[in-house]
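Engineer: Input file: run20.pdb. Contents: PDB, C-alpha atoms, pLDDT in the B column.
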ATOM      1  CA  MET A1304       0.000   0.000   0.000  1.00 84.00           C
ATOM      2  CA  THR A1305       0.985   3.562  -0.565  1.00 93.00           C
ATOM      3  CA  ALA A1306       0.886   6.155   2.231  1.00 96.00           C
ATOM      4  CA  ILE A1307      -2.210   8.370   2.184  1.00 95.00           C
ATOM      5  CA  THR A1308      -1.906  12.052   1.299  1.00 96.00           C
ATOM      6  CA  ALA A1309      -5.575  12.996   1.692  1.00 96.00           C
ATOM      7  CA  PRO A1310      -8.011  12.594   4.593  1.00 96.00           C
ATOM      8  CA  ARG A1311      -9.273   9.048   5.086  1.00 95.00           C
ATOM      9  CA  ASP A1312     -12.442   7.873   6.856  1.00 95.00           C
ATOM     10  CA  THR A1313     -10.761   5.066   8.810  1.00 94.00           C
ATOM     11  CA  PRO A1314     -13.071   2.402  10.321  1.00 92.00           C
ATOM     12  CA  PHE A1315     -12.724   1.930  14.093  1.00 88.00           C
ATOM     13  CA  ARG A1316     -14.117   0.005  17.062  1.00 86.00           C
ATOM     14  CA  ASP A1317     -14.437   1.191  20.653  1.00 87.00           C
ATOM     15  CA  CYS A1318     -13.362  -2.281  21.871  1.00 89.00           C
ATOM     16  CA  ILE A1319     -15.936  -2.326  24.638  1.00 93.00           C
ATOM     17  CA  LEU A1320     -17.870  -5.252  23.145  1.00 96.00           C
ATOM     18  CA  VAL A1321     -15.588  -7.473  21.105  1.00 96.00           C
ATOM     19  CA  PRO A1322     -17.084 -10.350  19.067  1.00 97.00           C
ATOM     20  CA  LEU A1323     -14.892 -13.446  19.421  1.00 98.00           C
ATOM     21  CA  PRO A1324     -15.328 -16.797  17.663  1.00 98.00           C
ATOM     22  CA  VAL A1325     -16.094 -19.571  20.168  1.00 98.00           C
ATOM     23  CA  ALA A1326     -14.085 -22.798  20.392  1.00 98.00           C
ATOM     24  CA  LYS A1327     -15.529 -26.140  19.363  1.00 98.00           C
ATOM     25  CA  GLY A1328     -17.459 -27.805  22.180  1.00 98.00           C
ATOM     26  CA  GLU A1329     -17.479 -24.705  24.423  1.00 98.00           C
ATOM     27  CA  SER A1330     -20.489 -23.321  26.314  1.00 98.00           C
ATOM     28  CA  ILE A1331     -19.784 -19.936  27.914  1.00 98.00           C
ATOM     29  CA  PRO A1332     -22.292 -18.432  30.375  1.00 98.00           C
ATOM     30  CA  MET A1333     -22.967 -14.693  30.601  1.00 98.00           C
ATOM     31  CA  GLY A1334     -20.766 -13.095  33.266  1.00 98.00           C
ATOM     32  CA  ALA A1335     -17.946 -15.642  32.943  1.00 98.00           C
ATOM     33  CA  ILE A1336     -14.256 -14.935  32.520  1.00 98.00           C
ATOM     34  CA  VAL A1337     -13.519 -15.413  28.816  1.00 98.00           C
ATOM     35  CA  CYS A1338     -10.099 -16.324  27.485  1.00 98.00           C
ATOM     36  CA  VAL A1339      -8.712 -17.021  24.036  1.00 98.00           C
ATOM     37  CA  ASN A1340      -6.976 -20.353  23.434  1.00 98.00           C
ATOM     38  CA  SER A1341      -3.810 -20.954  21.414  1.00 98.00           C
ATOM     39  CA  GLU A1342      -5.897 -21.454  18.261  1.00 98.00           C
ATOM     40  CA  GLY A1343      -7.563 -18.026  18.643  1.00 98.00           C
ATOM     41  CA  TYR A1344     -10.995 -19.121  19.903  1.00 98.00           C
ATOM     42  CA  ALA A1345     -12.965 -18.018  22.973  1.00 98.00           C
ATOM     43  CA  VAL A1346     -13.144 -20.435  25.911  1.00 98.00           C
ATOM     44  CA  ASN A1347     -14.157 -20.299  29.565  1.00 98.00           C
ATOM     45  CA  GLY A1348     -11.445 -19.071  31.904  1.00 98.00           C
ATOM     46  CA  LYS A1349      -9.551 -21.877  33.629  1.00 97.00           C
ATOM     47  CA  ALA A1350      -6.173 -22.723  35.116  1.00 96.00           C
ATOM     48  CA  ASP A1351      -4.231 -22.977  31.845  1.00 97.00           C
ATOM     49  CA  ALA A1352      -1.142 -20.824  31.291  1.00 96.00           C
ATOM     50  CA  THR A1353      -1.570 -20.962  27.498  1.00 97.00           C
ATOM     51  CA  LEU A1354      -4.801 -18.937  27.609  1.00 98.00           C
ATOM     52  CA  LYS A1355      -5.051 -15.167  27.112  1.00 98.00           C
ATOM     53  CA  TYR A1356      -7.500 -13.138  29.227  1.00 98.00           C
ATOM     54  CA  ALA A1357     -10.140 -11.439  27.035  1.00 98.00           C
ATOM     55  CA  GLY A1358     -12.719 -10.045  29.475  1.00 98.00           C
ATOM     56  CA  CYS A1359     -16.268 -10.830  30.631  1.00 98.00           C
ATOM     57  CA  ALA A1360     -18.941 -12.664  28.629  1.00 98.00           C
ATOM     58  CA  ASP A1361     -21.706 -10.180  27.819  1.00 98.00           C
ATOM     59  CA  GLU A1362     -24.058 -12.999  26.801  1.00 98.00           C
ATOM     60  CA  SER A1363     -24.356 -16.768  27.037  1.00 98.00           C
ATOM     61  CA  VAL A1364     -23.263 -18.762  23.986  1.00 98.00           C
ATOM     62  CA  ASP A1365     -23.509 -22.527  23.566  1.00 98.00           C
ATOM     63  CA  ASN A1366     -21.184 -23.900  20.901  1.00 98.00           C
ATOM     64  CA  SER A1367     -21.047 -27.349  22.496  1.00 97.00           C
ATOM     65  CA  ALA A1368     -22.301 -28.958  19.276  1.00 97.00           C
ATOM     66  CA  GLY A1369     -20.538 -26.602  16.856  1.00 97.00           C
ATOM     67  CA  GLU A1370     -17.146 -26.396  15.211  1.00 98.00           C
ATOM     68  CA  ASN A1371     -14.510 -23.750  15.947  1.00 98.00           C
ATOM     69  CA  GLY A1372     -15.971 -20.351  15.080  1.00 98.00           C
ATOM     70  CA  ALA A1373     -19.504 -21.608  14.377  1.00 98.00           C
ATOM     71  CA  GLN A1374     -20.728 -19.173  17.080  1.00 98.00           C
ATOM     72  CA  PHE A1375     -19.478 -15.773  18.218  1.00 98.00           C
ATOM     73  CA  ILE A1376     -19.665 -14.304  21.714  1.00 98.00           C
ATOM     74  CA  ASN A1377     -19.665 -10.637  22.654  1.00 98.00           C
ATOM     75  CA  VAL A1378     -16.975 -10.105  25.266  1.00 98.00           C
ATOM     76  CA  ARG A1379     -16.915  -6.917  27.316  1.00 98.00           C
ATOM     77  CA  ALA A1380     -13.302  -5.725  27.345  1.00 96.00           C
ATOM     78  CA  ASN A1381     -11.177  -2.810  28.512  1.00 94.00           C
ATOM     79  CA  LYS A1382     -13.125  -2.506  31.766  1.00 95.00           C
ATOM     80  CA  ALA A1383     -12.497  -3.474  35.384  1.00 97.00           C
ATOM     81  CA  PHE A1384     -14.456  -6.549  36.482  1.00 98.00           C
ATOM     82  CA  LYS A1385     -15.146  -7.876  39.964  1.00 98.00           C
ATOM     83  CA  TRP A1386     -14.214 -11.564  40.167  1.00 98.00           C
ATOM     84  CA  ALA A1387     -14.277 -14.018  43.051  1.00 98.00           C
ATOM     85  CA  SER A1388     -10.986 -14.541  44.877  1.00 98.00           C
ATOM     86  CA  ASP A1389      -9.615 -17.886  46.029  1.00 97.00           C
ATOM     87  CA  GLY A1390      -8.471 -16.172  49.257  1.00 97.00           C
ATOM     88  CA  THR A1391      -4.802 -15.764  48.317  1.00 97.00           C
ATOM     89  CA  ILE A1392      -5.191 -12.131  47.253  1.00 98.00           C
ATOM     90  CA  THR A1393      -4.500  -9.671  50.070  1.00 98.00           C
ATOM     91  CA  GLN A1394      -3.972  -5.916  50.275  1.00 98.00           C
ATOM     92  CA  THR A1395      -0.245  -6.452  49.622  1.00 98.00           C
ATOM     93  CA  ASN A1396      -1.199  -7.669  46.118  1.00 98.00           C
ATOM     94  CA  LEU A1397      -2.680  -4.302  45.105  1.00 98.00           C
ATOM     95  CA  LEU A1398      -1.563  -3.511  41.523  1.00 98.00           C
ATOM     96  CA  ASP A1399      -0.062  -6.993  41.116  1.00 98.00           C
ATOM     97  CA  ARG A1400      -1.126  -9.263  38.283  1.00 97.00           C
ATOM     98  CA  ALA A1401      -3.962 -11.716  39.045  1.00 98.00           C
ATOM     99  CA  TYR A1402      -4.176 -15.213  37.582  1.00 98.00           C
ATOM    100  CA  ILE A1403      -7.193 -17.243  36.463  1.00 98.00           C
ATOM    101  CA  LEU A1404      -8.382 -20.363  38.299  1.00 97.00           C
ATOM    102  CA  ASP A1405     -11.775 -20.848  36.633  1.00 97.00           C
ATOM    103  CA  ASN A1406     -14.404 -18.821  34.795  1.00 98.00           C
ATOM    104  CA  GLN A1407     -15.195 -16.663  37.839  1.00 98.00           C
ATOM    105  CA  THR A1408     -12.207 -16.965  40.201  1.00 98.00           C
ATOM    106  CA  VAL A1409      -8.785 -15.328  40.315  1.00 98.00           C
ATOM    107  CA  THR A1410      -5.728 -16.004  42.458  1.00 98.00           C
ATOM    108  CA  ALA A1411      -2.497 -14.264  43.441  1.00 97.00           C
ATOM    109  CA  THR A1412      -0.206 -16.989  42.111  1.00 94.00           C
ATOM    110  CA  ASP A1413       0.646 -18.270  38.645  1.00 94.00           C
ATOM    111  CA  GLY A1414       0.492 -21.865  39.860  1.00 91.00           C
ATOM    112  CA  SER A1415       4.210 -22.528  39.528  1.00 89.00           C
ATOM    113  CA  ALA A1416       6.264 -24.139  42.265  1.00 70.00           C
ATOM    114  CA  ALA A1417       9.651 -22.752  43.243  1.00 60.00           C
ATOM    115  CA  ALA A1418      12.721 -24.941  42.957  1.00 53.00           C
ATOM    116  CA  ASP A1419      14.157 -26.178  46.262  1.00 61.00           C
ATOM    117  CA  GLY A1420      17.653 -27.042  45.035  1.00 57.00           C
ATOM    118  CA  ASP A1421      16.877 -30.690  44.317  1.00 58.00           C
ATOM    119  CA  THR A1422      13.703 -30.145  42.315  1.00 58.00           C
ATOM    120  CA  PRO A1423      13.460 -28.029  39.165  1.00 57.00           C
ATOM    121  CA  ALA A1424      10.885 -25.225  39.150  1.00 61.00           C
ATOM    122  CA  VAL A1425       7.461 -26.169  37.843  1.00 71.00           C
ATOM    123  CA  LYS A1426       6.157 -24.093  34.933  1.00 83.00           C
ATOM    124  CA  ALA A1427       3.228 -21.725  35.547  1.00 88.00           C
ATOM    125  CA  SER A1428      -0.190 -23.337  35.189  1.00 92.00           C
ATOM    126  CA  HIS A1429      -2.529 -20.333  35.464  1.00 95.00           C
ATOM    127  CA  ALA A1430      -3.414 -17.822  32.749  1.00 95.00           C
ATOM    128  CA  LYS A1431      -2.613 -14.171  33.407  1.00 96.00           C
ATOM    129  CA  ALA A1432      -5.521 -11.846  34.078  1.00 97.00           C
ATOM    130  CA  GLY A1433      -5.228  -8.092  34.523  1.00 96.00           C
ATOM    131  CA  SER A1434      -3.973  -6.013  37.435  1.00 98.00           C
ATOM    132  CA  ILE A1435      -5.617  -6.021  40.858  1.00 98.00           C
ATOM    133  CA  ILE A1436      -7.006  -2.503  41.347  1.00 98.00           C
ATOM    134  CA  LEU A1437      -9.312  -2.974  44.360  1.00 98.00           C
ATOM    135  CA  ILE A1438      -9.754  -5.685  46.965  1.00 98.00           C
ATOM    136  CA  GLU A1439     -13.140  -6.042  48.671  1.00 97.00           C
ATOM    137  CA  SER A1440     -14.496  -8.635  51.087  1.00 96.00           C
ATOM    138  CA  ASP A1441     -16.681 -10.208  48.382  1.00 97.00           C
ATOM    139  CA  GLY A1442     -14.344 -10.042  45.399  1.00 98.00           C
ATOM    140  CA  VAL A1443     -11.391  -8.528  43.594  1.00 98.00           C
ATOM    141  CA  TRP A1444     -11.498  -5.874  40.871  1.00 98.00           C
ATOM    142  CA  ILE A1445      -9.259  -6.689  37.909  1.00 98.00           C
ATOM    143  CA  TYR A1446      -8.334  -4.340  35.093  1.00 96.00           C
TER     144      TYR A1446
END
Rewrite the coordinates I just gave you, this time as structure tokens.
Structural biologist:
Amino acid sequence: MTAITAPRDTPFRDCILVPLPVAKGESIPMGAIVCVNSEGYAVNGKADATLKYAGCADESVDNSAGENGAQFINVRANKAFKWASDGTITQTNLLDRAYILDNQTVTATDGSAAADGDTPAVKASHAKAGSIILIESDGVWIY
């Protein structure tokens, strides 16, 4: 392509609701943590370090009988969401990264085990979520 020299009406998205293709066999309920798998399809959040955090399901979509991409789900993104905590997140974790345990729960750890000299370190097993911006008694706000 050649660089423009005149004004251009460039298409854009606000990226508040992002339509993502849903993975084969996946049923995602409204309000769930949504991640993207290594193949680029939306799945429920779970303890899997290969997943990428996408946001919160804005609707329920059942692709349990469909192929990859047969259904799309609107995912609310670029917002802070209040998720359940597994109890490991404390005030000292403010502004730290949170990690995903399941489609509604976050934790303070990536699931890896430290090496003790005789045992090699275990690779992380939890997907990264956003940063912890507020800790309340009934949940944790993640952005």
Engineer: Run through the PyMOL selection byres ((chain A and resi 1358-1367) around 10) on the given coordinates and return the selected residues as a PyMOL selection string.
Structural biologist: chain A and resi 1319-1322+1324-1339+1345+1347-1348+1355-1357+1368-1386+1406-1407+1432-1433+1445-1446
Engineer: When distances are computed from only C-alpha atoms, which of A:Pro1310, A:Asp1441, A:Asp1351, A:Thr1393 shows the smallest separation from Ser1415 (chain A)?
Structural biologist: A:Asp1351
Engineer: What is the CA of Ala1427 (chain A) to CA of Gly1442 (chain A) distance in Å?
Structural biologist: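 For CA of Ala1427 (chain A) relative to CA of Gly1442 (chain A), the distance reads 23.3 Å.
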Engineer: What does the structure give for the distance between CA of Asp1399 (chain A) and CA of Val1425 (chain A), in Å to one decimal?
Structural biologist: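 Going from CA of Asp1399 (chain A) over to CA of Val1425 (chain A) covers 20.9 Å.
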Engineer: Rounded to one decimal, what separation in Å do you get between CA of Asn1396 (chain A) and CA of Thr1353 (chain A)?
Structural biologist: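 Interatomic distance, CA of Asn1396 (chain A) to CA of Thr1353 (chain A): 22.9 Å.
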Engineer: A:Cys1318, A:Ile1392, A:Leu1323, A:Ala1306: which is nearest Val1443 (chain A), counting only C-alpha atoms?
Structural biologist: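 When distances to Val1443 (chain A) are compared using only C-alpha atoms, the smallest one comes from A:Ile1392.
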Engineer: How big is the axis-aligned box around all listed atoms of region 1347-1361 of chain A once 4 Å goes on each side, and where's its centre, in Å to one decimal, as JSON?
Structural biologist:
{"center_x": -11.4, "center_y": -16.5, "center_z": 31.1, "size_x": 28.6, "size_y": 20.9, "size_z": 16.1}
Engineer: For the PyMOL selection byres ((chain A and resi 1388) around 6), applied here, can you spell out every residue it catches as a list in words?
Structural biologist: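 Answer for the PyMOL selection byres ((chain A and resi 1388) around 6): Ala1387, Asp1389, Gly1390, Thr1408, Val1409, Thr1410 and Gly1442 of chain A.
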Engineer: Save out the residues we just selected, C-alpha atoms, as a tab-separated table (two decimals), in the frame of the given file.
Structural biologist:
chain	number	residue	atom	x	y	z
A	1387	ALA	CA	-14.28	-14.02	43.05
A	1389	ASP	CA	-9.62	-17.89	46.03
A	1390	GLY	CA	-8.47	-16.17	49.26
A	1408	THR	CA	-12.21	-16.96	40.20
A	1409	VAL	CA	-8.78	-15.33	40.32
A	1410	THR	CA	-5.73	-16.00	42.46
A	1442	GLY	CA	-14.34	-10.04	45.40
Engineer: Skipping near chain neighbours, those fewer than 4 positions away, what residues fall within 8 Å of Gly1414 (chain A) using all atoms listed in the file, listed as a PyMOL selection string?
Structural biologist: chain A and resi 1426-1429
Engineer: Could you please fill out region 1363-1389 of chain A with N, CA, C and O atoms and send it back as a compact mmCIF listing (two decimals), in the coordinates of the input?
Structural biologist:
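Output file out_29.txt is given in full below:
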# COMPACT_ATOMS: atom_id res chain seq x y z
N SER A 1363 -24.63 -15.34 26.99
CA SER A 1363 -24.36 -16.77 27.04
C SER A 1363 -24.34 -17.30 25.62
O SER A 1363 -25.20 -16.95 24.81
N VAL A 1364 -23.34 -18.15 25.31
CA VAL A 1364 -23.26 -18.76 23.99
C VAL A 1364 -22.94 -20.24 24.16
O VAL A 1364 -22.01 -20.60 24.89
N ASP A 1365 -23.72 -21.08 23.49
CA ASP A 1365 -23.51 -22.53 23.57
C ASP A 1365 -23.04 -23.03 22.21
O ASP A 1365 -23.82 -23.12 21.26
N ASN A 1366 -21.76 -23.33 22.12
CA ASN A 1366 -21.18 -23.90 20.90
C ASN A 1366 -20.76 -25.34 21.16
O ASN A 1366 -19.85 -25.86 20.54
N SER A 1367 -21.44 -25.99 22.12
CA SER A 1367 -21.05 -27.35 22.50
C SER A 1367 -21.22 -28.35 21.36
O SER A 1367 -20.54 -29.37 21.32
N ALA A 1368 -22.10 -28.06 20.41
CA ALA A 1368 -22.30 -28.96 19.28
C ALA A 1368 -21.70 -28.41 17.98
O ALA A 1368 -21.79 -29.05 16.94
N GLY A 1369 -21.06 -27.24 18.06
CA GLY A 1369 -20.54 -26.60 16.86
C GLY A 1369 -19.04 -26.74 16.69
O GLY A 1369 -18.33 -27.13 17.62
N GLU A 1370 -18.57 -26.40 15.52
CA GLU A 1370 -17.15 -26.40 15.21
C GLU A 1370 -16.53 -25.08 15.66
O GLU A 1370 -17.23 -24.13 16.01
N ASN A 1371 -15.20 -24.99 15.62
CA ASN A 1371 -14.51 -23.75 15.95
C ASN A 1371 -15.07 -22.61 15.11
O ASN A 1371 -15.15 -22.72 13.88
N GLY A 1372 -15.50 -21.53 15.77
CA GLY A 1372 -15.97 -20.35 15.08
C GLY A 1372 -17.40 -20.42 14.57
O GLY A 1372 -17.86 -19.47 13.93
N ALA A 1373 -18.12 -21.51 14.84
CA ALA A 1373 -19.50 -21.61 14.38
C ALA A 1373 -20.40 -20.59 15.09
O ALA A 1373 -21.43 -20.18 14.56
N GLN A 1374 -20.01 -20.18 16.30
CA GLN A 1374 -20.73 -19.17 17.08
C GLN A 1374 -19.75 -18.07 17.47
O GLN A 1374 -18.55 -18.32 17.59
N PHE A 1375 -20.27 -16.89 17.69
CA PHE A 1375 -19.48 -15.77 18.22
C PHE A 1375 -20.06 -15.35 19.55
O PHE A 1375 -21.27 -15.49 19.77
N ILE A 1376 -19.21 -14.83 20.43
CA ILE A 1376 -19.66 -14.30 21.71
C ILE A 1376 -19.19 -12.87 21.85
O ILE A 1376 -18.05 -12.55 21.48
N ASN A 1377 -20.06 -12.01 22.35
CA ASN A 1377 -19.66 -10.64 22.65
C ASN A 1377 -19.00 -10.62 24.02
O ASN A 1377 -19.60 -11.03 25.01
N VAL A 1378 -17.75 -10.17 24.04
CA VAL A 1378 -16.98 -10.10 25.27
C VAL A 1378 -16.76 -8.64 25.62
O VAL A 1378 -16.30 -7.86 24.78
N ARG A 1379 -17.13 -8.29 26.84
CA ARG A 1379 -16.92 -6.92 27.32
C ARG A 1379 -15.45 -6.82 27.73
O ARG A 1379 -14.96 -7.61 28.52
N ALA A 1380 -14.75 -5.86 27.14
CA ALA A 1380 -13.30 -5.72 27.34
C ALA A 1380 -12.95 -4.30 27.76
O ALA A 1380 -13.79 -3.41 27.72
N ASN A 1381 -11.70 -4.13 28.14
CA ASN A 1381 -11.18 -2.81 28.51
C ASN A 1381 -11.97 -2.15 29.63
O ASN A 1381 -12.20 -0.94 29.63
N LYS A 1382 -12.40 -2.95 30.58
CA LYS A 1382 -13.12 -2.51 31.77
C LYS A 1382 -12.55 -3.25 32.97
O LYS A 1382 -11.91 -4.28 32.84
N ALA A 1383 -12.83 -2.74 34.17
CA ALA A 1383 -12.50 -3.47 35.38
C ALA A 1383 -13.68 -4.36 35.73
O ALA A 1383 -14.84 -3.92 35.65
N PHE A 1384 -13.41 -5.60 36.11
CA PHE A 1384 -14.46 -6.55 36.48
C PHE A 1384 -14.18 -7.07 37.88
O PHE A 1384 -13.03 -7.26 38.28
N LYS A 1385 -15.26 -7.33 38.61
CA LYS A 1385 -15.15 -7.88 39.96
C LYS A 1385 -15.31 -9.39 39.89
O LYS A 1385 -16.37 -9.90 39.55
N TRP A 1386 -14.22 -10.11 40.20
CA TRP A 1386 -14.21 -11.56 40.17
C TRP A 1386 -14.09 -12.11 41.58
O TRP A 1386 -13.62 -11.41 42.50
N ALA A 1387 -14.45 -13.34 41.77
CA ALA A 1387 -14.28 -14.02 43.05
C ALA A 1387 -12.78 -14.25 43.27
O ALA A 1387 -12.02 -14.41 42.32
N SER A 1388 -12.38 -14.27 44.52
CA SER A 1388 -10.99 -14.54 44.88
C SER A 1388 -10.91 -15.90 45.56
O SER A 1388 -11.83 -16.28 46.28
N ASP A 1389 -9.82 -16.60 45.35
CA ASP A 1389 -9.62 -17.89 46.03
C ASP A 1389 -9.11 -17.70 47.46
O ASP A 1389 -8.86 -18.66 48.15
